[in-house]
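Student: Dropping in data-v7.tsv, with TSV, C-alpha atoms.
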chain	number	residue	atom	x	y	z
B	1359	MET	CA	-251.05	-124.94	-41.81
B	1360	THR	CA	-250.53	-127.57	-39.12
B	1361	GLU	CA	-252.54	-127.73	-35.92
B	1362	LYS	CA	-249.50	-126.61	-33.96
B	1363	GLU	CA	-249.04	-123.52	-36.15
B	1364	LEU	CA	-252.74	-122.68	-35.87
B	1365	ILE	CA	-252.60	-122.84	-32.08
B	1366	GLY	CA	-249.55	-120.54	-32.16
B	1367	LYS	CA	-251.39	-117.96	-34.27
B	1368	LEU	CA	-254.37	-118.02	-31.94
B	1369	ARG	CA	-252.10	-117.38	-28.98
B	1370	GLU	CA	-250.63	-114.38	-30.77
B	1371	LEU	CA	-254.12	-112.99	-31.35
B	1372	ARG	CA	-254.81	-113.23	-27.63
B	1373	GLN	CA	-252.01	-110.73	-27.02
B	1374	ILE	CA	-253.74	-108.05	-29.11
B	1375	ARG	CA	-255.62	-105.49	-26.98
B	1376	PRO	CA	-258.30	-103.28	-28.55
B	1377	SER	CA	-258.00	-99.53	-28.07
B	1378	LYS	CA	-260.07	-97.84	-25.39
B	1379	ASP	CA	-261.98	-95.77	-27.95
B	1380	TRP	CA	-262.89	-98.91	-29.96
B	1381	VAL	CA	-264.15	-100.68	-26.84
B	1382	VAL	CA	-266.32	-97.73	-25.81
B	1383	LEU	CA	-267.69	-97.30	-29.33
B	1384	THR	CA	-268.48	-101.02	-29.75
B	1385	LYS	CA	-270.14	-101.19	-26.34
B	1386	SER	CA	-272.34	-98.20	-27.13
B	1387	GLN	CA	-273.39	-99.75	-30.44
B	1388	ILE	CA	-274.27	-103.11	-28.84
B	1389	LEU	CA	-276.16	-101.61	-25.90
B	1390	GLY	CA	-277.77	-98.86	-27.97
B	1391	GLU	CA	-276.17	-96.09	-25.95
B	1392	GLU	CA	-275.36	-92.67	-27.36
B	1393	GLU	CA	-271.91	-92.37	-28.76
B	1394	PRO	CA	-269.77	-90.53	-26.21
B	1395	ALA	CA	-268.35	-87.23	-27.24
B	1396	VAL	CA	-264.79	-87.48	-28.32
B	1397	GLU	CA	-262.58	-85.26	-26.18
B	1398	VAL	CA	-260.57	-82.94	-28.33
B	1399	ARG	CA	-257.32	-81.85	-26.83
B	1400	PHE	CA	-255.85	-78.93	-28.66
B	1401	PHE	CA	-252.38	-79.65	-27.47
B	1402	HIS	CA	-252.45	-83.01	-29.24
B	1403	PHE	CA	-251.93	-81.04	-32.46
B	1404	PRO	CA	-248.32	-79.89	-33.01
B	1405	VAL	CA	-249.35	-76.80	-34.99
B	1406	LEU	CA	-251.57	-75.55	-32.17
B	1407	ARG	CA	-248.87	-76.26	-29.62
B	1408	MET	CA	-246.44	-74.14	-31.61
B	1409	ALA	CA	-248.98	-71.34	-31.98
B	1410	TYR	CA	-249.70	-71.23	-28.25
B	1411	ALA	CA	-246.00	-71.36	-27.46
B	1412	GLY	CA	-245.31	-68.46	-29.83
B	1413	LEU	CA	-248.15	-66.45	-28.31
B	1414	ALA	CA	-246.82	-67.10	-24.83
B	1415	VAL	CA	-243.37	-65.89	-25.86
B	1416	VAL	CA	-244.87	-62.69	-27.30
B	1417	PHE	CA	-246.73	-61.98	-24.06
B	1418	VAL	CA	-243.62	-62.63	-21.98
B	1419	LEU	CA	-241.49	-60.35	-24.15
B	1420	PHE	CA	-244.12	-57.61	-24.15
B	1421	GLY	CA	-244.43	-57.79	-20.38
B	1422	THR	CA	-240.67	-57.73	-19.95
B	1423	PHE	CA	-240.28	-54.64	-22.14
B	1424	ALA	CA	-243.12	-52.91	-20.30
B	1425	PHE	CA	-241.64	-53.61	-16.86
B	1426	SER	CA	-238.16	-52.60	-18.03
B	1427	GLN	CA	-239.28	-49.01	-18.70
B	1428	ASN	CA	-239.27	-48.32	-14.96
B	1429	SER	CA	-235.92	-49.97	-14.33
B	1430	LEU	CA	-232.86	-47.99	-13.23
B	1431	PRO	CA	-229.16	-48.32	-14.10
B	1432	GLY	CA	-227.71	-51.38	-12.43
B	1433	GLY	CA	-231.09	-53.13	-12.45
B	1434	LEU	CA	-231.70	-56.52	-14.02
B	1435	LEU	CA	-234.06	-55.20	-16.72
B	1436	TYR	CA	-232.12	-52.01	-17.51
B	1437	PRO	CA	-230.25	-53.52	-20.51
B	1438	ILE	CA	-233.64	-54.38	-22.03
B	1439	LYS	CA	-234.75	-50.78	-21.49
B	1440	LYS	CA	-231.69	-49.56	-23.40
B	1441	ILE	CA	-232.36	-52.00	-26.24
B	1442	SER	CA	-235.88	-50.59	-26.48
B	1443	GLU	CA	-234.53	-47.02	-26.57
B	1444	LYS	CA	-232.02	-47.88	-29.28
B	1445	ALA	CA	-234.75	-49.51	-31.35
B	1446	GLN	CA	-236.83	-46.34	-31.11
B	1447	ALA	CA	-233.81	-44.18	-31.98
B	1448	VAL	CA	-233.57	-45.89	-35.37
B	1449	PHE	CA	-236.71	-44.04	-36.46
B	1450	VAL	CA	-235.48	-40.60	-35.31
B	1451	SER	CA	-234.54	-38.29	-38.18
B	1452	GLU	CA	-231.42	-36.11	-38.18
B	1453	THR	CA	-233.43	-32.97	-37.47
B	1454	GLU	CA	-235.11	-34.64	-34.49
B	1455	LYS	CA	-231.89	-35.97	-32.94
B	1456	PRO	CA	-231.08	-32.88	-30.83
B	1457	GLN	CA	-234.50	-32.96	-29.17
B	1458	ALA	CA	-234.38	-36.74	-28.73
B	1459	SER	CA	-230.95	-36.58	-27.11
B	1460	LEU	CA	-232.10	-33.80	-24.77
B	1461	GLU	CA	-235.08	-35.88	-23.69
B	1462	LEU	CA	-232.83	-38.89	-23.11
B	1463	ALA	CA	-230.40	-36.81	-21.04
B	1464	ASN	CA	-233.29	-35.60	-18.90
B	1465	LYS	CA	-234.42	-39.19	-18.44
B	1466	ARG	CA	-230.92	-40.26	-17.39
B	1467	LEU	CA	-230.77	-37.35	-14.95
B	1468	GLU	CA	-234.09	-38.41	-13.44
B	1469	GLU	CA	-232.77	-41.96	-13.04
B	1470	LEU	CA	-229.64	-40.66	-11.35
B	1471	THR	CA	-231.71	-38.46	-9.04
B	1472	LYS	CA	-233.93	-41.38	-7.99
B	1473	ILE	CA	-230.91	-43.55	-7.23
B	1474	ALA	CA	-229.22	-40.78	-5.26
B	1475	GLU	CA	-232.35	-39.94	-3.26
B	1476	SER	CA	-233.02	-43.60	-2.42
B	1477	ASN	CA	-229.35	-44.06	-1.48
B	1478	GLN	CA	-228.79	-46.99	-3.86
B	1479	VAL	CA	-225.03	-46.69	-3.57
B	1480	GLN	CA	-224.29	-49.81	-5.62
B	1481	ASN	CA	-226.13	-48.32	-8.62
B	1482	LEU	CA	-224.63	-44.83	-8.49
B	1483	ALA	CA	-221.65	-45.58	-10.73
B	1484	PRO	CA	-223.65	-47.01	-13.67
B	1485	ALA	CA	-226.22	-44.22	-13.33
B	1486	ILE	CA	-223.51	-41.55	-13.44
B	1487	ASN	CA	-221.93	-43.19	-16.48
B	1488	GLU	CA	-225.25	-43.31	-18.30
B	1489	PHE	CA	-225.96	-39.65	-17.56
B	1490	GLN	CA	-222.51	-38.49	-18.62
B	1491	ALA	CA	-222.76	-40.46	-21.87
B	1492	SER	CA	-226.13	-38.87	-22.63
B	1493	VAL	CA	-224.76	-35.38	-21.92
B	1494	SER	CA	-221.92	-35.97	-24.37
B	1495	GLU	CA	-224.45	-37.04	-26.99
B	1496	VAL	CA	-226.43	-33.83	-26.45
B	1497	ALA	CA	-223.26	-31.76	-26.87
B	1498	ARG	CA	-222.42	-33.55	-30.12
B	1499	ASN	CA	-225.90	-33.01	-31.53
B	1500	LEU	CA	-225.97	-29.33	-30.55
B	1501	SER	CA	-222.59	-28.76	-32.17
B	1502	ARG	CA	-223.99	-30.03	-35.49
B	1503	ILE	CA	-226.84	-27.51	-35.60
B	1504	ASP	CA	-226.48	-24.67	-38.09
B	1505	ALA	CA	-228.04	-21.72	-36.32
B	1506	THR	CA	-228.05	-19.65	-39.51
B	1507	SER	CA	-230.40	-22.00	-41.33
B	1508	SER	CA	-232.48	-23.33	-38.43
B	1509	ASP	CA	-235.63	-22.00	-36.82
B	1510	PRO	CA	-234.42	-19.50	-34.17
B	1511	VAL	CA	-237.23	-20.42	-31.78
B	1512	VAL	CA	-236.37	-24.12	-31.98
B	1513	VAL	CA	-232.66	-23.45	-31.52
B	1514	LYS	CA	-233.35	-21.21	-28.53
B	1515	GLY	CA	-235.44	-24.03	-27.07
B	1516	PHE	CA	-232.51	-26.44	-27.43
B	1517	VAL	CA	-230.20	-24.00	-25.67
B	1518	ASP	CA	-232.62	-23.44	-22.80
B	1519	GLN	CA	-233.13	-27.19	-22.30
B	1520	ALA	CA	-229.38	-27.82	-22.29
B	1521	LYS	CA	-228.88	-25.12	-19.67
B	1522	LYS	CA	-231.60	-26.63	-17.49
B	1523	ILE	CA	-229.90	-30.03	-17.65
B	1524	GLY	CA	-226.70	-28.41	-16.42
B	1525	GLU	CA	-228.55	-26.67	-13.59
B	1526	LYS	CA	-230.31	-29.87	-12.53
B	1527	ALA	CA	-227.02	-31.74	-12.60
B	1528	GLN	CA	-225.59	-29.24	-10.14
B	1529	GLU	CA	-228.58	-29.89	-7.86
B	1530	VAL	CA	-227.91	-33.63	-8.01
B	1531	LYS	CA	-224.27	-32.98	-7.12
B	1532	SER	CA	-225.50	-31.27	-3.97
B	1533	LEU	CA	-226.84	-34.69	-2.89
B	1534	GLY	CA	-223.28	-35.94	-2.76
B	1535	VAL	CA	-223.18	-37.46	-6.24
B	1536	VAL	CA	-219.80	-37.08	-7.91
B	1537	ILE	CA	-220.32	-36.13	-11.55
B	1538	GLU	CA	-217.31	-35.45	-13.74
B	1539	GLU	CA	-217.17	-31.81	-14.80
B	1540	GLU	CA	-215.76	-32.65	-18.23
B	1541	GLU	CA	-219.10	-33.71	-19.74
B	1542	LEU	CA	-221.00	-30.85	-18.12
B	1543	GLU	CA	-218.42	-28.38	-19.38
B	1544	GLU	CA	-218.73	-29.94	-22.83
B	1545	LEU	CA	-222.49	-29.46	-22.68
B	1546	GLU	CA	-222.17	-25.88	-21.47
B	1547	GLU	CA	-219.64	-25.08	-24.17
B	1548	ALA	CA	-221.83	-26.55	-26.92
B	1549	SER	CA	-224.96	-24.75	-25.72
B	1550	SER	CA	-223.11	-21.44	-25.29
B	1551	LYS	CA	-221.60	-21.76	-28.75
B	1552	LEU	CA	-224.99	-22.49	-30.26
B	1553	GLU	CA	-226.54	-19.60	-28.38
B	1554	LEU	CA	-223.82	-17.29	-29.68
B	1555	GLU	CA	-224.30	-18.50	-33.25
B	1556	LEU	CA	-228.02	-17.92	-32.90
B	1557	LEU	CA	-227.47	-14.40	-31.61
B	1558	VAL	CA	-225.04	-13.57	-34.41
B	1559	SER	CA	-227.45	-14.96	-36.99
B	1560	LEU	CA	-230.31	-12.88	-35.62
B	1561	LEU	CA	-228.21	-9.72	-35.59
B	1562	GLU	CA	-226.99	-10.27	-39.14
B	1563	ASN	CA	-230.55	-10.76	-40.33
B	1564	MET	CA	-231.71	-7.64	-38.49
B	1565	ILE	CA	-228.87	-5.53	-39.86
B	1566	SER	CA	-229.53	-6.81	-43.37
B	1567	ASP	CA	-233.20	-5.98	-42.99
B	1568	LEU	CA	-232.44	-2.45	-41.73
B	1569	GLU	CA	-230.02	-1.82	-44.59
B	1570	ASN	CA	-232.81	-2.50	-47.07
B	1571	ARG	CA	-235.14	0.00	-45.44
B	1572	THR	CA	-235.44	3.75	-45.65
B	1573	LEU	CA	-234.14	4.95	-42.29
B	1574	THR	CA	-234.18	8.23	-40.45
B	1575	GLU	CA	-230.94	9.89	-39.50
B	1576	LYS	CA	-231.22	8.54	-35.96
B	1577	GLN	CA	-231.90	5.02	-37.21
B	1578	GLU	CA	-228.89	5.26	-39.52
B	1579	GLU	CA	-226.78	6.17	-36.51
B	1580	ILE	CA	-228.14	3.23	-34.49
B	1581	LEU	CA	-227.45	0.87	-37.38
B	1582	SER	CA	-223.88	2.12	-37.61
B	1583	GLN	CA	-223.38	1.58	-33.88
B	1584	MET	CA	-224.82	-1.93	-34.13
B	1585	LYS	CA	-222.38	-2.84	-36.88
B	1586	GLU	CA	-219.47	-1.58	-34.81
B	1587	LEU	CA	-220.59	-3.62	-31.79
B	1588	VAL	CA	-220.97	-6.75	-33.94
B	1589	GLU	CA	-217.47	-6.27	-35.35
B	1590	GLU	CA	-216.20	-6.02	-31.78
B	1591	GLU	CA	-218.18	-9.21	-30.97
B	1592	LYS	CA	-220.31	-7.35	-28.45
B	1593	TYR	CA	-223.42	-9.10	-29.64
B	1594	SER	CA	-225.59	-8.70	-26.56
B	1595	GLU	CA	-224.91	-4.95	-26.49
B	1596	ALA	CA	-225.80	-4.67	-30.17
B	1597	LEU	CA	-229.09	-6.47	-29.58
B	1598	ASP	CA	-229.87	-4.34	-26.53
B	1599	LEU	CA	-229.18	-1.20	-28.55
B	1600	LEU	CA	-231.70	-2.26	-31.15
B	1601	PHE	CA	-234.41	-3.14	-28.64
B	1602	ILE	CA	-233.94	0.03	-26.59
B	1603	ASN	CA	-234.39	2.24	-29.63
B	1604	GLN	CA	-237.33	0.45	-31.17
Once you've parsed the file, please lay out its structure as structure tokens.
Tutor:
Amino acid sequence: MTEKELIGKLRELRQIRPSKDWVVLTKSQILGEEEPAVEVRFFHFPVLRMAYAGLAVVFVLFGTFAFSQNSLPGGLLYPIKKISEKAQAVFVSETEKPQASLELANKRLEELTKIAESNQVQNLAPAINEFQASVSEVARNLSRIDATSSDPVVVKGFVDQAKKIGEKAQEVKSLGVVIEEEELEELEEASSKLELELLVSLLENMISDLENRTLTEKQEEILSQMKELVEEEKYSEALDLLFINQ
């Protein structure tokens, strides 16, 4: 290597700068000082950064879903509330659907009432649509119930809840809210039909039970009258006749 080349190499070495950590470490060793603690920054590690980012996303999503539960139709978070409800509905069995739909209709009616009472005119239309859709769902679920094979007490509970929804809807209409009668009529028709089926089922079971018993002459006469009333579709009268003579 020539002298000129050697000088060039030395000049290149002058451009090299030691790292800050190396300087501090070397200085401490020469002066006998304690080695400074190395600062560990968690976010220097990609894996930790990803973990913290994922955790932050989870907290944000959880908070958003929680806040959305109080949102009303037309609100920014209401679509998220509906997504949450649909996710929960996946786990509802067929036998639980009537009750679940009744609860949802009540919730929609409460939302509509709040909007009407607070005079949020711009949100009335979506709230009415949501309520009417929920009422139609209740009617569909009630129409699928077989009153002859279901628990009479449970069925009667469904009918009573459906009637209360109709009554509350009329109260909301008194606030000036225009609700289409079609869905309410559909609900009333479905609940009335179910109530009738329940009544017929109860009467048939009672008549069958009486026929298998040893009856007095008066009881035989009452049973005969009940059968006639049932054939004439006078179910309430037939039931009243039985209760009066018990």
Student: Give me, as JSON, numbers by chain, all polymer residues having an atom no more than 12 Å from B:Leu1600, counting only C-alpha atoms and skipping those fewer than 5 positions away in the same chain.
Tutor: {"B": [1560, 1561, 1564, 1565, 1568, 1576, 1577, 1578, 1579, 1580, 1581, 1582, 1583, 1584, 1585, 1587, 1588, 1593, 1594, 1595]}
Student: Tell me, as a list of chain:residue names, which residues lie within 8 Å of B:Ala1505, counting all atoms listed in the file; anything in the same chain fewer than 5 positions away does not count.
Tutor: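 With the cut-off at 8 Å, the set is B:Pro1510, B:Val1513, B:Leu1552, B:Glu1555, B:Leu1556, B:Ser1559.
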Student: Report, in Å to a single decimal, how far apart atom CA of B:Ala1485 and atom CA of B:Pro1431 are.
Tutor: 5.1 Å
Student: Hey, what's within 10 Å of stretch 1527-1534 of chain B if we count all atoms listed in the file and toss same-chain stuff fewer than 6 positions away? As a list of chain:residue names, please?
Tutor: B:Asn1464, B:Leu1467, B:Glu1468, B:Leu1470, B:Thr1471, B:Lys1472, B:Ala1474, B:Glu1475, B:Asn1477, B:Phe1489, B:Lys1521, B:Leu1542
Student: Which residues of stretch 1489-1600 of chain B sit at most 10 Å from stretch 1479-1484 of chain B, using all atoms listed in the file? Give each one's shortest atom pair and distance in Å (one decimal place), in chain and ascending residue order, as a tab-separated table.
Tutor:
residue	atom	partner	partner_atom	distance
B:Phe1489	CA	B:Pro1484	CA	8.6
B:Gln1490	CA	B:Pro1484	CA	9.9
B:Val1535	CA	B:Leu1482	CA	7.8
B:Val1536	CA	B:Ala1483	CA	9.1
B:Ile1537	CA	B:Ala1483	CA	9.6
Student: Tell me which protein, DNA and RNA residues are within 12 Å of B:Lys1455, counting all atoms listed in the file, leaving out same-chain ones fewer than 2 positions away, and put them as a ChimeraX atom specification.
Tutor: /B:1446-1453,1457-1462,1495-1503,1516
Student: Include C-alpha atoms and write out the residues we just selected as a CSV table (one decimal), in the frame of the given file.
Tutor:
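Now in out14.csv:
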chain,number,residue,atom,x,y,z
B,1446,GLN,CA,-236.8,-46.3,-31.1
B,1447,ALA,CA,-233.8,-44.2,-32.0
B,1448,VAL,CA,-233.6,-45.9,-35.4
B,1449,PHE,CA,-236.7,-44.0,-36.5
B,1450,VAL,CA,-235.5,-40.6,-35.3
B,1451,SER,CA,-234.5,-38.3,-38.2
B,1452,GLU,CA,-231.4,-36.1,-38.2
B,1453,THR,CA,-233.4,-33.0,-37.5
B,1457,GLN,CA,-234.5,-33.0,-29.2
B,1458,ALA,CA,-234.4,-36.7,-28.7
B,1459,SER,CA,-231.0,-36.6,-27.1
B,1460,LEU,CA,-232.1,-33.8,-24.8
B,1461,GLU,CA,-235.1,-35.9,-23.7
B,1462,LEU,CA,-232.8,-38.9,-23.1
B,1495,GLU,CA,-224.4,-37.0,-27.0
B,1496,VAL,CA,-226.4,-33.8,-26.4
B,1497,ALA,CA,-223.3,-31.8,-26.9
B,1498,ARG,CA,-222.4,-33.6,-30.1
B,1499,ASN,CA,-225.9,-33.0,-31.5
B,1500,LEU,CA,-226.0,-29.3,-30.6
B,1501,SER,CA,-222.6,-28.8,-32.2
B,1502,ARG,CA,-224.0,-30.0,-35.5
B,1503,ILE,CA,-226.8,-27.5,-35.6
B,1516,PHE,CA,-232.5,-26.4,-27.4
Student: Restore N, CA and C atoms in stretch 1452-1470 of chain B and list the result as a tab-separated table (two decimals), in the coordinates of the input.
Tutor:
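In the end it all went to rebuild_2.tsv:
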chain	number	residue	atom	x	y	z
B	1452	GLU	N	-232.56	-36.95	-38.56
B	1452	GLU	CA	-231.42	-36.11	-38.18
B	1452	GLU	C	-231.87	-34.81	-37.52
B	1453	THR	N	-232.94	-34.23	-38.03
B	1453	THR	CA	-233.43	-32.97	-37.47
B	1453	THR	C	-234.04	-33.15	-36.08
B	1454	GLU	N	-234.48	-34.37	-35.79
B	1454	GLU	CA	-235.11	-34.64	-34.49
B	1454	GLU	C	-234.11	-35.12	-33.44
B	1455	LYS	N	-232.88	-35.41	-33.87
B	1455	LYS	CA	-231.89	-35.97	-32.94
B	1455	LYS	C	-231.55	-35.05	-31.76
B	1456	PRO	N	-231.38	-33.74	-31.98
B	1456	PRO	CA	-231.08	-32.88	-30.83
B	1456	PRO	C	-232.14	-32.96	-29.74
B	1457	GLN	N	-233.42	-32.89	-30.15
B	1457	GLN	CA	-234.50	-32.96	-29.17
B	1457	GLN	C	-234.55	-34.33	-28.50
B	1458	ALA	N	-234.35	-35.38	-29.29
B	1458	ALA	CA	-234.38	-36.74	-28.73
B	1458	ALA	C	-233.25	-36.94	-27.72
B	1459	SER	N	-232.08	-36.41	-28.03
B	1459	SER	CA	-230.95	-36.58	-27.11
B	1459	SER	C	-231.15	-35.76	-25.83
B	1460	LEU	N	-231.78	-34.60	-25.95
B	1460	LEU	CA	-232.10	-33.80	-24.77
B	1460	LEU	C	-233.09	-34.53	-23.86
B	1461	GLU	N	-234.09	-35.13	-24.47
B	1461	GLU	CA	-235.08	-35.88	-23.69
B	1461	GLU	C	-234.43	-37.08	-22.99
B	1462	LEU	N	-233.51	-37.74	-23.70
B	1462	LEU	CA	-232.83	-38.89	-23.11
B	1462	LEU	C	-231.93	-38.46	-21.95
B	1463	ALA	N	-231.26	-37.32	-22.11
B	1463	ALA	CA	-230.40	-36.81	-21.04
B	1463	ALA	C	-231.23	-36.47	-19.80
B	1464	ASN	N	-232.39	-35.90	-20.03
B	1464	ASN	CA	-233.29	-35.60	-18.90
B	1464	ASN	C	-233.74	-36.87	-18.20
B	1465	LYS	N	-234.01	-37.90	-19.00
B	1465	LYS	CA	-234.42	-39.19	-18.44
B	1465	LYS	C	-233.29	-39.79	-17.60
B	1466	ARG	N	-232.07	-39.72	-18.12
B	1466	ARG	CA	-230.92	-40.26	-17.39
B	1466	ARG	C	-230.68	-39.48	-16.10
B	1467	LEU	N	-230.94	-38.18	-16.15
B	1467	LEU	CA	-230.77	-37.35	-14.95
B	1467	LEU	C	-231.82	-37.71	-13.90
B	1468	GLU	N	-233.03	-37.99	-14.36
B	1468	GLU	CA	-234.09	-38.41	-13.44
B	1468	GLU	C	-233.74	-39.75	-12.79
B	1469	GLU	N	-233.19	-40.66	-13.58
B	1469	GLU	CA	-232.77	-41.96	-13.04
B	1469	GLU	C	-231.69	-41.77	-11.98
B	1470	LEU	N	-230.73	-40.92	-12.29
B	1470	LEU	CA	-229.64	-40.66	-11.35
B	1470	LEU	C	-230.18	-40.03	-10.06
